[in-house]
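Following: one structure in structure tokens, then a few remarks.
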Protein chains: 2
Amino acid sequence: MGRTERVTIEDVAARAGVHAATVSRALNHPEQVAAATRERVEAVVAELDFVPNRAARGLITGRTGNVAVIVPDLTNPHFAALVQAAGRAARGAELQLLLVDTGEYADEEIRAARTLSHEVDGFVILSPRRLHRELAVLGATPAVFVNRPVKGHASIIMRTAPAVEEAVRHLAALGHTHVAYVGGPKASWAATERRDAVRRSSAATGLSVHEVAVGPPTFEAGADAVDAVVATPATAVVAFNAQMALGLIAGLSRRDISVPDEISVIGGDDVPMALMTAPPLTAISLPTDEAGTAAVTRLGGPGDRLELEATFVERGSTAPVSR
Amino acid sequence: MGRTERVTIEDVAARAGVHAATVSRALNHPEQVAAATRERVEAVVAELDFVPNRAARGLITGRTGNVAVIVPDLTNPHFAALVQAAGRAARGAELQLLLVDTGEYADEEIRAARTLSHEVDGFVILSPRRLHRELAVLGATPAVFVNRPVKGHASIIMRTAPAVEEAVRHLAALGHTHVAYVGGPKASWAATERRDAVRRSSAATGLSVHEVAVGPPTFEAGADAVDAVVATPATAVVAFNAQMALGLIAGLSRRDISVPDEISVIGGDDVPMALMTAPPLTAISLPTDEAGTAAVTRLGGPGDRLELEATFVERGSTAPVSR
DNA sequence: ATGAAAGCGCTAACAA
DNA sequence: TTGTTAGCGCTTTCAT
């Protein structure tokens, strides 16, 4: 209880009248220990509130019980949700999450991977900007890449192409003939996939695509893209993600351009808030929870690719073209 | 480079032709080592890409290089920003962030603190729901509480009372006589502080306060609170945080109630997005970055209270009362 | 200024 | 089934 000195396995052993090795066994391989002994040990463990020192354990087992999660920007709700899901899965697996937010600095991915590679049992890498080219720094530590296929490593891909195609067909069915695409970060695999899907399906359905401003995938960047969008003949916009789409809606409404009456807007991903805005955002919904969970779960597993499908969700920000 | 086997201090020692102890000294107490030796060691360290095993080091020094950050909900932008700032500070101090998102489960705080107390050099605890009553589980590990004063422990308080009072005076000056307050979580110190500040300054300025629905501090809860708000005679609303305020605005606009013409709205904290909405949110701006940074910085320091001041920011969601 | 030796707390052979 | 022994990789006295 109020004890502040560290309780070691020796303390437990002494109090239980057994050897430390027996305590270790009782905890790690209970079936190898006589029931009576095990119970006595367990009682003392509880009584003394003994928690094994992970560092010492890791030193010998080679396992640390930590998994590093590397994320470009935690304030992006998409990544926050992914990290949260990963955290839940980690707890279930008795792993701890070592969080690295690389922020502005793409090189930080490399540094983090290098210094952490021997301190963690695995890496979960959300949308790497650099690391996928510098795999050597991972050493022998397993890694799962989310939303970036990386040869020789496990990856979780949230495929949006089919959903994006559905979105484009939806726009075509509403009578739109010109669509603007507001892109995401250059280094993002997801941004490339979505852009290509827009291009491809637009071509297939006879829509003209006008690609505008590539920026950080933020609300602000979306709002800033409005100028470029209205300079095109587009009557509909697809944005890389929900943040940008929400920014677009805000920027458009500030110019008294009505969404969806004058311009339809679609978000390339989704956030909880998108359901509640005026109008609610028509969007591509990503299996974020599954992806975050799978990233941790598959760390031990085969280094293959898991594909999860996004879905198109029609809400209020798209409407038939007017005039 | 491509080496995948772990490089140990012995490898470095052998290659540099010195004893492991000397390598250790060259790294940790360079002044105790002859310049020539030190340079030779450093060269080998770089050549072999040697990174000391933190677990082994921690076993003997008692320091782990980890700091645990306990947060109730990472998808809340306020906490994400705090964690991000803490992460920056941690990197500067060569610490790693062990993230625990307790989610729904307040008890998880206790469990996490107990199991981690010997694996980390300190705790940063963002808005505890349980932990402040169960301090024993922290053992001797230092802790910094953010937005909850805890006797005997360091705390970082973002005081909003003066800013809230300014907000209320602002409303009074605009002619409002009835204000609704949409509260935050019961267990939140910040929510209590803000509510009390609203009560106190309303009384002082002759405003009537109508307190409505206490819920999770989310956009959705804010939107849901609209019914309760319009049932009061209030012409202005103060919400516990920006998320709820944004939800209120969305919910009101869905009912075709104009903000700020018919109802003024103020957010009890702020998010980047609040600048960009229509109307931009009048809000209380919190020193989130300083708080996150200070939380890590002060971990070693005195167990006292640091108070940071929030500021009132008038934007577009408040206006003179009509009629 | 450097080497030798001990040991942090734990687990995994190996014996008994 | 349990105890003994050794050692994970590192830092830190204590000698030299």
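Every chain in the structure tokens takes a letter, A first, then B, and so on in the order presented; its residues are numbered from 1, and the ligands are numbered from 1 following the presented order.
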
For stretch 136-189 of chain A against stretch 107-114 of chain A, with a cut-off of 10 Å and counting only C-alpha atoms, what is the closest atom pair and its distance in Å to one decimal for every residue that makes the cut, ordered by chain and number, as JSON lines?
```
{"residue": "A:Ala136", "atom": "CA", "partner": "A:Arg114", "partner_atom": "CA", "distance": 8.8}
{"residue": "A:Val137", "atom": "CA", "partner": "A:Arg114", "partner_atom": "CA", "distance": 5.1}
{"residue": "A:Leu138", "atom": "CA", "partner": "A:Ala113", "partner_atom": "CA", "distance": 5.9}
{"residue": "A:Gly139", "atom": "CA", "partner": "A:Arg114", "partner_atom": "CA", "distance": 8.1}
{"residue": "A:Thr141", "atom": "CA", "partner": "A:Ala113", "partner_atom": "CA", "distance": 9.5}
```

With only C-alpha atoms (C1' of nucleotides) counted and 7 Å as the cut-off, give the residues of chain D in contact with chain B, each with its shortest interatomic distance in Å and the pair that gives it, as CSV.
```
residue,atom,partner,partner_atom,distance
D:DG9,C1',B:Ala56,CA,5.1
D:DC10,C1',B:Arg57,CA,5.0
D:DT11,C1',B:Ile60,CA,6.3
```

Practice task
Report as a ChimeraX atom specification the set of chain C residues whose atoms approach chain A to within 7 Å, with distances computed over only C-alpha atoms (C1' of nucleotides).
Solution key: /C:9-11

Neighbours of A:Phe219 within 8 Å (only C-alpha atoms (C1' of nucleotides); same-chain residues fewer than 3 positions away dropped), as a PDB file with N, CA and C atoms, in the first residue's frame?
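The result, stored in around.pdb:
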```pdb
ATOM      1  N   GLY A 222      -8.089  23.730 -46.264  1.00  0.00           N
ATOM      2  CA  GLY A 222      -9.331  23.571 -47.015  1.00  0.00           C
ATOM      3  C   GLY A 222      -9.994  24.916 -47.250  1.00  0.00           C
ATOM      4  N   ALA A 223     -10.052  25.711 -46.195  1.00  0.00           N
ATOM      5  CA  ALA A 223     -10.667  27.036 -46.323  1.00  0.00           C
ATOM      6  C   ALA A 223      -9.881  27.885 -47.323  1.00  0.00           C
ATOM      7  N   GLN A 243     -11.311  17.106 -42.911  1.00  0.00           N
ATOM      8  CA  GLN A 243     -10.897  18.404 -42.394  1.00  0.00           C
ATOM      9  C   GLN A 243     -10.919  19.449 -43.497  1.00  0.00           C
ATOM     10  N   MET A 244     -10.313  19.096 -44.617  1.00  0.00           N
ATOM     11  CA  MET A 244     -10.256  20.037 -45.732  1.00  0.00           C
ATOM     12  C   MET A 244     -11.658  20.316 -46.269  1.00  0.00           C
ATOM     13  N   ALA A 245     -12.471  19.276 -46.319  1.00  0.00           N
ATOM     14  CA  ALA A 245     -13.828  19.456 -46.828  1.00  0.00           C
ATOM     15  C   ALA A 245     -14.622  20.393 -45.929  1.00  0.00           C
ATOM     16  N   LEU A 246     -14.452  20.221 -44.630  1.00  0.00           N
ATOM     17  CA  LEU A 246     -15.132  21.101 -43.685  1.00  0.00           C
ATOM     18  C   LEU A 246     -14.622  22.534 -43.843  1.00  0.00           C
ATOM     19  N   GLY A 247     -13.330  22.655 -44.062  1.00  0.00           N
ATOM     20  CA  GLY A 247     -12.755  23.984 -44.298  1.00  0.00           C
ATOM     21  C   GLY A 247     -13.320  24.609 -45.564  1.00  0.00           C
ATOM     22  N   LEU A 248     -13.472  23.786 -46.570  1.00  0.00           N
ATOM     23  CA  LEU A 248     -14.060  24.272 -47.821  1.00  0.00           C
ATOM     24  C   LEU A 248     -15.474  24.785 -47.587  1.00  0.00           C
TER      25      LEU A 248
ATOM     26  N   MET B 273      -9.918  25.130 -35.150  1.00  0.00           N
ATOM     27  CA  MET B 273     -11.024  25.221 -36.069  1.00  0.00           C
ATOM     28  C   MET B 273     -12.003  26.337 -35.736  1.00  0.00           C
ATOM     29  N   MET B 276     -12.356  29.360 -37.804  1.00  0.00           N
ATOM     30  CA  MET B 276     -12.688  29.253 -39.210  1.00  0.00           C
ATOM     31  C   MET B 276     -14.149  28.962 -39.462  1.00  0.00           C
TER      32      MET B 276
END
```

Identify, with DSSP run on backbone atoms, the residues in stretch 129-191 of chain A assigned to helix (DSSP H, G or I), and express the list as a PDB file with C-alpha atoms, in the first residue's frame.
```pdb
ATOM      1  CA  LEU A 131      10.753   5.925 -43.174  1.00  0.00           C
ATOM      2  CA  HIS A 132       9.537   3.755 -46.018  1.00  0.00           C
ATOM      3  CA  ARG A 133      12.758   4.584 -47.805  1.00  0.00           C
ATOM      4  CA  LEU A 135      13.921   0.637 -43.710  1.00  0.00           C
ATOM      5  CA  ALA A 136      17.395  -0.321 -42.546  1.00  0.00           C
ATOM      6  CA  VAL A 137      17.006   1.697 -39.371  1.00  0.00           C
ATOM      7  CA  LEU A 138      14.255  -0.648 -38.237  1.00  0.00           C
ATOM      8  CA  ALA A 161     -10.514   3.781 -54.444  1.00  0.00           C
ATOM      9  CA  PRO A 162     -13.821   1.926 -54.831  1.00  0.00           C
ATOM     10  CA  ALA A 163     -15.573   4.326 -52.471  1.00  0.00           C
ATOM     11  CA  VAL A 164     -14.090   7.318 -54.249  1.00  0.00           C
ATOM     12  CA  GLU A 165     -15.266   5.900 -57.536  1.00  0.00           C
ATOM     13  CA  GLU A 166     -18.717   5.536 -56.101  1.00  0.00           C
ATOM     14  CA  ALA A 167     -18.560   9.144 -54.951  1.00  0.00           C
ATOM     15  CA  VAL A 168     -17.630  10.309 -58.410  1.00  0.00           C
ATOM     16  CA  ARG A 169     -20.410   8.292 -59.990  1.00  0.00           C
ATOM     17  CA  HIS A 170     -22.727   9.833 -57.435  1.00  0.00           C
ATOM     18  CA  LEU A 171     -21.672  13.286 -58.605  1.00  0.00           C
ATOM     19  CA  ALA A 172     -22.087  12.320 -62.222  1.00  0.00           C
ATOM     20  CA  ALA A 173     -25.561  11.010 -61.498  1.00  0.00           C
ATOM     21  CA  TRP A 189       0.168   7.228 -50.113  1.00  0.00           C
ATOM     22  CA  ALA A 190      -3.501   7.749 -49.299  1.00  0.00           C
ATOM     23  CA  ALA A 191      -3.503  11.126 -51.019  1.00  0.00           C
TER      24      ALA A 191
END
```

Exercise for the section: Find the residues of chain B in contact range of chain A, meaning any atom within 7 Å when counting only C-alpha atoms, and list them as an MDAnalysis selection string. Expected result: chainID B and resid 1:4 51 54:56 59 74:75 77 80:81 84 87 96:99 101 115 119 136 139:140 219 250 254 273 276:278

Save the residues we just selected, C-alpha atoms, as a PDB file, in the first residue's frame?
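Written output follows (again12.pdb):
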```
ATOM      1  CA  MET B   1      24.060  -0.202 -41.317  1.00  0.00           C
ATOM      2  CA  GLY B   2      22.405  -3.346 -42.469  1.00  0.00           C
ATOM      3  CA  ARG B   3      23.449  -5.057 -39.268  1.00  0.00           C
ATOM      4  CA  THR B   4      20.566  -6.687 -37.555  1.00  0.00           C
ATOM      5  CA  VAL B  51      22.578   2.702 -29.146  1.00  0.00           C
ATOM      6  CA  ARG B  54      17.879   1.625 -22.061  1.00  0.00           C
ATOM      7  CA  ALA B  55      16.563  -1.315 -20.113  1.00  0.00           C
ATOM      8  CA  ALA B  56      20.019  -2.362 -18.981  1.00  0.00           C
ATOM      9  CA  LEU B  59      18.221  -1.355 -14.282  1.00  0.00           C
ATOM     10  CA  LEU B  74      -7.198  11.433 -27.216  1.00  0.00           C
ATOM     11  CA  THR B  75      -9.794  12.308 -29.813  1.00  0.00           C
ATOM     12  CA  PRO B  77      -8.459  18.042 -29.654  1.00  0.00           C
ATOM     13  CA  ALA B  80      -4.319  15.852 -28.402  1.00  0.00           C
ATOM     14  CA  ALA B  81      -2.730  19.290 -28.373  1.00  0.00           C
ATOM     15  CA  GLN B  84       1.640  16.874 -28.668  1.00  0.00           C
ATOM     16  CA  GLY B  87       5.860  15.081 -26.684  1.00  0.00           C
ATOM     17  CA  GLN B  96       9.944   8.888 -24.294  1.00  0.00           C
ATOM     18  CA  LEU B  97       6.220   9.246 -24.018  1.00  0.00           C
ATOM     19  CA  LEU B  98       4.230   6.310 -22.797  1.00  0.00           C
ATOM     20  CA  LEU B  99       0.681   7.093 -23.748  1.00  0.00           C
ATOM     21  CA  ASP B 101      -5.765   6.710 -23.151  1.00  0.00           C
ATOM     22  CA  THR B 115       1.584  -0.996 -13.297  1.00  0.00           C
ATOM     23  CA  GLU B 119       8.556   1.730 -15.414  1.00  0.00           C
ATOM     24  CA  ALA B 136      -0.929   5.865  -3.190  1.00  0.00           C
ATOM     25  CA  GLY B 139       4.334   5.252  -5.136  1.00  0.00           C
ATOM     26  CA  ALA B 140       7.390   7.457  -5.113  1.00  0.00           C
ATOM     27  CA  PHE B 219     -19.595  18.242 -30.338  1.00  0.00           C
ATOM     28  CA  ALA B 250     -24.575  23.519 -35.524  1.00  0.00           C
ATOM     29  CA  ARG B 254     -30.228  23.343 -37.942  1.00  0.00           C
ATOM     30  CA  MET B 273     -11.024  25.221 -36.069  1.00  0.00           C
ATOM     31  CA  MET B 276     -12.688  29.253 -39.210  1.00  0.00           C
ATOM     32  CA  THR B 277     -16.285  28.376 -38.636  1.00  0.00           C
ATOM     33  CA  ALA B 278     -19.215  30.534 -39.577  1.00  0.00           C
TER      34      ALA B 278
END
```

Exercise for the section: Show which residues sit within 10 Å of D:DT5, as a ChimeraX atom specification. Count only C-alpha atoms (C1' of nucleotides), and ignore same-chain residues fewer than 5 positions away. Expected result: /C:13-15

Practice task
Would you kindly return, as a ChimeraX atom specification, each protein, DNA or RNA residue with an atom no farther than 9 Å from any atom of B:Leu286, considering only C-alpha atoms (C1' of nucleotides) and excluding same-chain residues fewer than 3 positions away?
Solution key: /B:158-160,269-270,289,291,308-311
